[in-house]
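Undergrad: Take this structure, written in structure tokens, and hold onto it; I'll ask about it next.
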Amino acid sequence: MSTIADQTPEEAAPAPKITVADRSLWPLLSRLHFYAAVLVAPFLVIAALTGLAYAFTPQLDRLIYADEMRVERVAGPLRPLSEQVRAARVTHPEGAVATVIPPTSEVQTTRVVLDVPDLEPKQRTVYVDPYTNRVAGALTTDFGSTPVTTWLSELHRCLHLGKVGALYSEMAASWLWVIAAAGLLMWLGRRHYRGSTRLHRIFWPDRSSRGLRRTRGRHAVLGIWLAVGLLLLSATGLTWTDHAGANFDKLQARFDSTAPKLNTAASGAHAGHQAGGAASQFDPAVHIDHALATARSAGLSGPLEITPPEKQGSSWQVAQADNTWPVRQDAVAIDPTGHRVTDRVDWAEHPTMAKLSTLGIQLHMGRLFGVPNQVGMAALALGLLTILFLGYRMWWQRRPTRTGHRRPMGRPPARGALRQV
């Protein structure tokens, strides 16, 4: 028989006394955690699986669309950007040039994005070999995303069901906070009442436990380890949703925290360069080389997106599009002839909330830190699927036996928990 001296401090210390408030709070948390999880878990499974697939779309794009995205052979100097735009327009005269994206490596093709009325709101992206001006192919894109990436994005966001389907992801992301908070309080409270205040009891499951206790321990501990990442994914995902996203936009506007915009209105003698013609008649190949050179001399490096003047009297827009860390998103407006910077907005000028929103979106998409970000998103998705599996396993282990009796620890909290609180 062991004495008090033989016991560990954790075993010798008396468990804290449970008050009447505690007896009413824990049943409420238990019921809230269970019923909310039963409602939302299927949607979380869908979000985790589709998000896991979407995280690796850059690799899928390079595999599926290698003919369009990669040059056949690196040979000689790059041809002028104006020639590449003209080559794309000869093959695809439909629509108007919306954006031109020069290659960022020697094996990439140039992307000439066209606004085609029959495709709106999507666009047609023409891929041009920068060494030979050969058109390698064309794809229907959505904000620069390939068909595969667009399809997976829509599957993750709304299951291809439009606004009705978008409710699933918003509900899952919103209720994830409630489920995680209730589960966290339940696990910490259980450790506290048992006197298990040591960190290893909170962050590591008890290997000696069996059955339902083992499943619950693994479920809770894995939830503790992944809680911050899952809640971060939930918060960043909600900024895109119809309802929470709209409220976030209003919050940004109220605190004047929206990203600043370039002034693209040309002035002076340069404003009339398009006189006598509409924007659709403007040939972006005429001055695009000058605009690119001016942007480079202004300090813009890395991936660039070049937008021709949208209408008569407006300016070129050249913006950095480097969404990996460190983020580079400076932008300049250049006069219609492409020789002079008329306005500039640097990433450093963005308000803090706008920066956090941009960084959060790129993190959510798995782009911010490149491959490590993708691996982290995959780990969170697989971890969430494991937590949900263990939750369903607990539900099965708590089922009544054939004789009508519940297994040990299988009795649910009594009804009336909300009235007691």
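Ligands are numbered from 1 in the order shown, chains are lettered A, B, ... in the order of the structure tokens, and residues start at 1 in each chain.
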Return as a ChimeraX atom specification the full set of residues in region 77-297 of chain A whose backbone-based DSSP assignment is strand (DSSP E).

TA: /A:96-101,110-115,123-128,135-141

Undergrad: Using only N, CA, C and O atoms, please write the residues we just selected to a file, as an mmCIF file, in the first residue's frame.

TA:
data_model
loop_
_atom_site.group_PDB
_atom_site.id
_atom_site.type_symbol
_atom_site.label_atom_id
_atom_site.label_comp_id
_atom_site.auth_asym_id
_atom_site.auth_seq_id
_atom_site.Cartn_x
_atom_site.Cartn_y
_atom_site.Cartn_z
ATOM 1 N N ALA A 96 -10.170 42.457 -75.898
ATOM 2 C CA ALA A 96 -9.157 43.495 -75.710
ATOM 3 C C ALA A 96 -8.165 43.039 -74.657
ATOM 4 O O ALA A 96 -8.500 42.247 -73.764
ATOM 5 N N VAL A 97 -6.943 43.554 -74.749
ATOM 6 C CA VAL A 97 -5.904 43.181 -73.793
ATOM 7 C C VAL A 97 -6.229 43.780 -72.424
ATOM 8 O O VAL A 97 -6.390 44.994 -72.283
ATOM 9 N N ALA A 98 -6.333 42.914 -71.411
ATOM 10 C CA ALA A 98 -6.624 43.363 -70.048
ATOM 11 C C ALA A 98 -5.364 43.467 -69.207
ATOM 12 O O ALA A 98 -5.178 44.432 -68.472
ATOM 13 N N THR A 99 -4.489 42.471 -69.315
ATOM 14 C CA THR A 99 -3.269 42.427 -68.520
ATOM 15 C C THR A 99 -2.207 41.665 -69.288
ATOM 16 O O THR A 99 -2.519 40.712 -70.021
ATOM 17 N N VAL A 100 -0.965 42.057 -69.100
ATOM 18 C CA VAL A 100 0.173 41.329 -69.651
ATOM 19 C C VAL A 100 1.100 40.981 -68.497
ATOM 20 O O VAL A 100 1.464 41.861 -67.699
ATOM 21 N N ILE A 101 1.477 39.710 -68.392
ATOM 22 C CA ILE A 101 2.311 39.227 -67.284
ATOM 23 C C ILE A 101 3.596 38.653 -67.857
ATOM 24 O O ILE A 101 3.589 37.545 -68.414
ATOM 25 N N THR A 110 5.098 34.035 -71.556
ATOM 26 C CA THR A 110 4.433 35.306 -71.261
ATOM 27 C C THR A 110 2.928 35.101 -71.340
ATOM 28 O O THR A 110 2.424 34.412 -72.236
ATOM 29 N N ARG A 111 2.202 35.714 -70.402
ATOM 30 C CA ARG A 111 0.749 35.589 -70.392
ATOM 31 C C ARG A 111 0.104 36.897 -70.840
ATOM 32 O O ARG A 111 0.338 37.947 -70.238
ATOM 33 N N VAL A 112 -0.690 36.810 -71.884
ATOM 34 C CA VAL A 112 -1.449 37.960 -72.379
ATOM 35 C C VAL A 112 -2.920 37.664 -72.104
ATOM 36 O O VAL A 112 -3.508 36.753 -72.701
ATOM 37 N N VAL A 113 -3.508 38.408 -71.175
ATOM 38 C CA VAL A 113 -4.874 38.152 -70.716
ATOM 39 C C VAL A 113 -5.837 39.047 -71.492
ATOM 40 O O VAL A 113 -5.655 40.271 -71.557
ATOM 41 N N LEU A 114 -6.861 38.436 -72.075
ATOM 42 C CA LEU A 114 -7.828 39.155 -72.907
ATOM 43 C C LEU A 114 -9.196 39.181 -72.244
ATOM 44 O O LEU A 114 -9.652 38.168 -71.694
ATOM 45 N N ASP A 115 -9.845 40.340 -72.317
ATOM 46 C CA ASP A 115 -11.253 40.457 -71.936
ATOM 47 C C ASP A 115 -12.102 40.119 -73.153
ATOM 48 O O ASP A 115 -12.102 40.858 -74.149
ATOM 49 N N GLN A 123 -11.882 35.252 -68.371
ATOM 50 C CA GLN A 123 -11.038 35.843 -69.399
ATOM 51 C C GLN A 123 -10.335 34.739 -70.194
ATOM 52 O O GLN A 123 -10.408 33.557 -69.840
ATOM 53 N N ARG A 124 -9.684 35.145 -71.279
ATOM 54 C CA ARG A 124 -8.877 34.211 -72.062
ATOM 55 C C ARG A 124 -7.409 34.600 -71.914
ATOM 56 O O ARG A 124 -7.033 35.747 -72.183
ATOM 57 N N THR A 125 -6.601 33.663 -71.468
ATOM 58 C CA THR A 125 -5.168 33.907 -71.301
ATOM 59 C C THR A 125 -4.414 33.193 -72.412
ATOM 60 O O THR A 125 -4.550 31.981 -72.590
ATOM 61 N N VAL A 126 -3.624 33.977 -73.157
ATOM 62 C CA VAL A 126 -2.829 33.452 -74.260
ATOM 63 C C VAL A 126 -1.386 33.349 -73.785
ATOM 64 O O VAL A 126 -0.833 34.304 -73.227
ATOM 65 N N TYR A 127 -0.759 32.203 -74.005
ATOM 66 C CA TYR A 127 0.602 31.941 -73.552
ATOM 67 C C TYR A 127 1.553 32.016 -74.755
ATOM 68 O O TYR A 127 1.372 31.301 -75.754
ATOM 69 N N VAL A 128 2.554 32.901 -74.646
ATOM 70 C CA VAL A 128 3.454 33.173 -75.760
ATOM 71 C C VAL A 128 4.882 32.829 -75.358
ATOM 72 O O VAL A 128 5.347 33.218 -74.274
ATOM 73 N N VAL A 135 2.791 31.259 -80.182
ATOM 74 C CA VAL A 135 1.690 31.099 -79.236
ATOM 75 C C VAL A 135 1.606 29.630 -78.832
ATOM 76 O O VAL A 135 1.339 28.755 -79.671
ATOM 77 N N ALA A 136 1.841 29.379 -77.543
ATOM 78 C CA ALA A 136 1.865 27.999 -77.049
ATOM 79 C C ALA A 136 0.486 27.453 -76.742
ATOM 80 O O ALA A 136 0.305 26.239 -76.634
ATOM 81 N N GLY A 137 -0.484 28.320 -76.604
ATOM 82 C CA GLY A 137 -1.836 27.865 -76.299
ATOM 83 C C GLY A 137 -2.629 28.962 -75.612
ATOM 84 O O GLY A 137 -2.129 30.063 -75.371
ATOM 85 N N ALA A 138 -3.879 28.652 -75.294
ATOM 86 C CA ALA A 138 -4.757 29.610 -74.623
ATOM 87 C C ALA A 138 -5.693 28.854 -73.692
ATOM 88 O O ALA A 138 -6.111 27.727 -73.992
ATOM 89 N N LEU A 139 -6.030 29.483 -72.559
ATOM 90 C CA LEU A 139 -6.917 28.872 -71.566
ATOM 91 C C LEU A 139 -7.947 29.893 -71.104
ATOM 92 O O LEU A 139 -7.693 31.102 -71.111
ATOM 93 N N THR A 140 -9.089 29.396 -70.707
ATOM 94 C CA THR A 140 -10.097 30.250 -70.068
ATOM 95 C C THR A 140 -9.766 30.349 -68.586
ATOM 96 O O THR A 140 -9.742 29.331 -67.884
ATOM 97 N N THR A 141 -9.486 31.550 -68.119
ATOM 98 C CA THR A 141 -9.022 31.753 -66.747
ATOM 99 C C THR A 141 -9.976 32.644 -65.968
ATOM 100 O O THR A 141 -10.795 33.365 -66.550
#

Undergrad: Please list as an MDAnalysis selection string every residue within 7 Å of region 38-45 of chain A, counting only C-alpha atoms and excluding residues in the same chain fewer than 5 positions away.

TA: chainID A and resid 168 172 385 388

Undergrad: Can you tell me, as a count of residues only, what residues are no more than 12 Å from Ala55 (chain A) when counting only C-alpha atoms, ignoring any on the same chain fewer than 3 positions away?

TA: 33

Undergrad: Identify all residues of region 90-217 of chain A in alpha helix (DSSP H) (DSSP on the backbone) and supply them as number ranges by chain.

TA: A: 90-91, 147-158, 162-193, 199-203, 211-217

Undergrad: Rank A:Arg213, A:Lys122, A:Arg79, A:Arg399 by their smallest atom-to-atom distance to Thr150 (chain A), using only C-alpha atoms, and report the top residue only.

TA: A:Lys122

Undergrad: So which residues touch Trp225 (chain A) within 12 Å, counting only C-alpha atoms, skipping near sequence neighbours fewer than 4 positions away, as a list in words?

TA: Ala180, Leu184, Ile202, Phe203, Trp204, Pro205, Arg218, His219, Ala220, Val221, Gly229, Leu230, Leu231, Ala379, Leu380, Gly383, Leu384 and Ile387 of chain A

Undergrad: For the atom pair CA of Gly189 (chain A) and CA of Thr215 (chain A), what is the interatomic distance in Å to one decimal place?

TA: 17.6 Å

Undergrad: Could you give me, as JSON lines, a per-residue list for region 231-270 of chain A showing, wherever an atom lies at most 10 Å from an atom of region 317-320 of chain A, the closest pair of atoms and their distance in Å to one decimal, using only C-alpha atoms and sorting by chain then residue number from low to high?

TA:
{"residue": "A:Leu262", "atom": "CA", "partner": "A:Gln317", "partner_atom": "CA", "distance": 8.1}
{"residue": "A:Asn263", "atom": "CA", "partner": "A:Gln317", "partner_atom": "CA", "distance": 9.4}
{"residue": "A:Thr264", "atom": "CA", "partner": "A:Gln317", "partner_atom": "CA", "distance": 7.3}

Undergrad: Work out how far apart CA of Arg340 (chain A) and CA of Pro80 (chain A) are and give it in Å to one decimal.

TA: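 Those two atoms sit 19.6 Å apart.
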
Undergrad: Which is closest to Ile306 (chain A) among A:Met171, A:Leu81, A:Tyr65, A:Ala348, if we use only C-alpha atoms?

TA: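 Under the stated criterion, the closest residue is A:Leu81.
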
Undergrad: Select, from A:Ser357, A:Thr307, A:Thr337, A:Gln312, the residue with the minimum atom-to-atom distance to Asp249 (chain A), counting only C-alpha atoms.

TA: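 Comparing A:Ser357, A:Thr307, A:Thr337, A:Gln312 against Asp249 (chain A), the winner is A:Ser357.
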
Undergrad: Report the distance between CA of His290 (chain A) and CA of His339 (chain A) in Å, rounded to one decimal place.

TA: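 Value for the CA of His290 (chain A)-CA of His339 (chain A) distance: 6.1 Å.
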
Undergrad: Which residues are close to Arg157 (chain A), i.e. within 8 Å by only C-alpha atoms, leaving aside same-chain residues fewer than 5 positions away? Reply as a list in words.

TA: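 Here the answer would be Gly165, Ala166 and Ser169 of chain A.
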
Undergrad: Neighbours of Ser301 (chain A) within 10 Å (only C-alpha atoms; same-chain residues fewer than 2 positions away dropped), as a ChimeraX atom specification?

TA: /A:104,295-299,303-304,319-322,328-330

Undergrad: Store the residues picked out above, limited to C-alpha atoms, as a compact mmCIF listing (two decimals), in the first residue's frame.

TA:
# COMPACT_ATOMS: atom_id res chain seq x y z
CA THR A 104 9.67 35.50 -64.06
CA ALA A 295 8.48 50.45 -63.99
CA ARG A 296 11.76 48.56 -63.67
CA SER A 297 13.70 51.81 -63.36
CA ALA A 298 11.23 52.88 -60.64
CA GLY A 299 12.32 49.88 -58.57
CA PRO A 303 6.53 39.22 -60.90
CA LEU A 304 4.75 42.13 -62.57
CA ALA A 319 2.00 46.31 -60.10
CA GLN A 320 4.15 43.77 -58.34
CA ALA A 321 2.39 40.45 -57.82
CA ASP A 322 4.80 38.64 -55.51
CA ARG A 328 6.13 42.74 -52.76
CA GLN A 329 3.06 44.63 -53.94
CA ASP A 330 4.24 48.09 -54.94

Undergrad: Could you check which of A:Leu78, A:Met353, A:Ile224, A:Ala246 is closest to Gly183 (chain A), using only C-alpha atoms?

TA: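 Among the listed residues, the smallest separation from Gly183 (chain A) belongs to A:Ile224.
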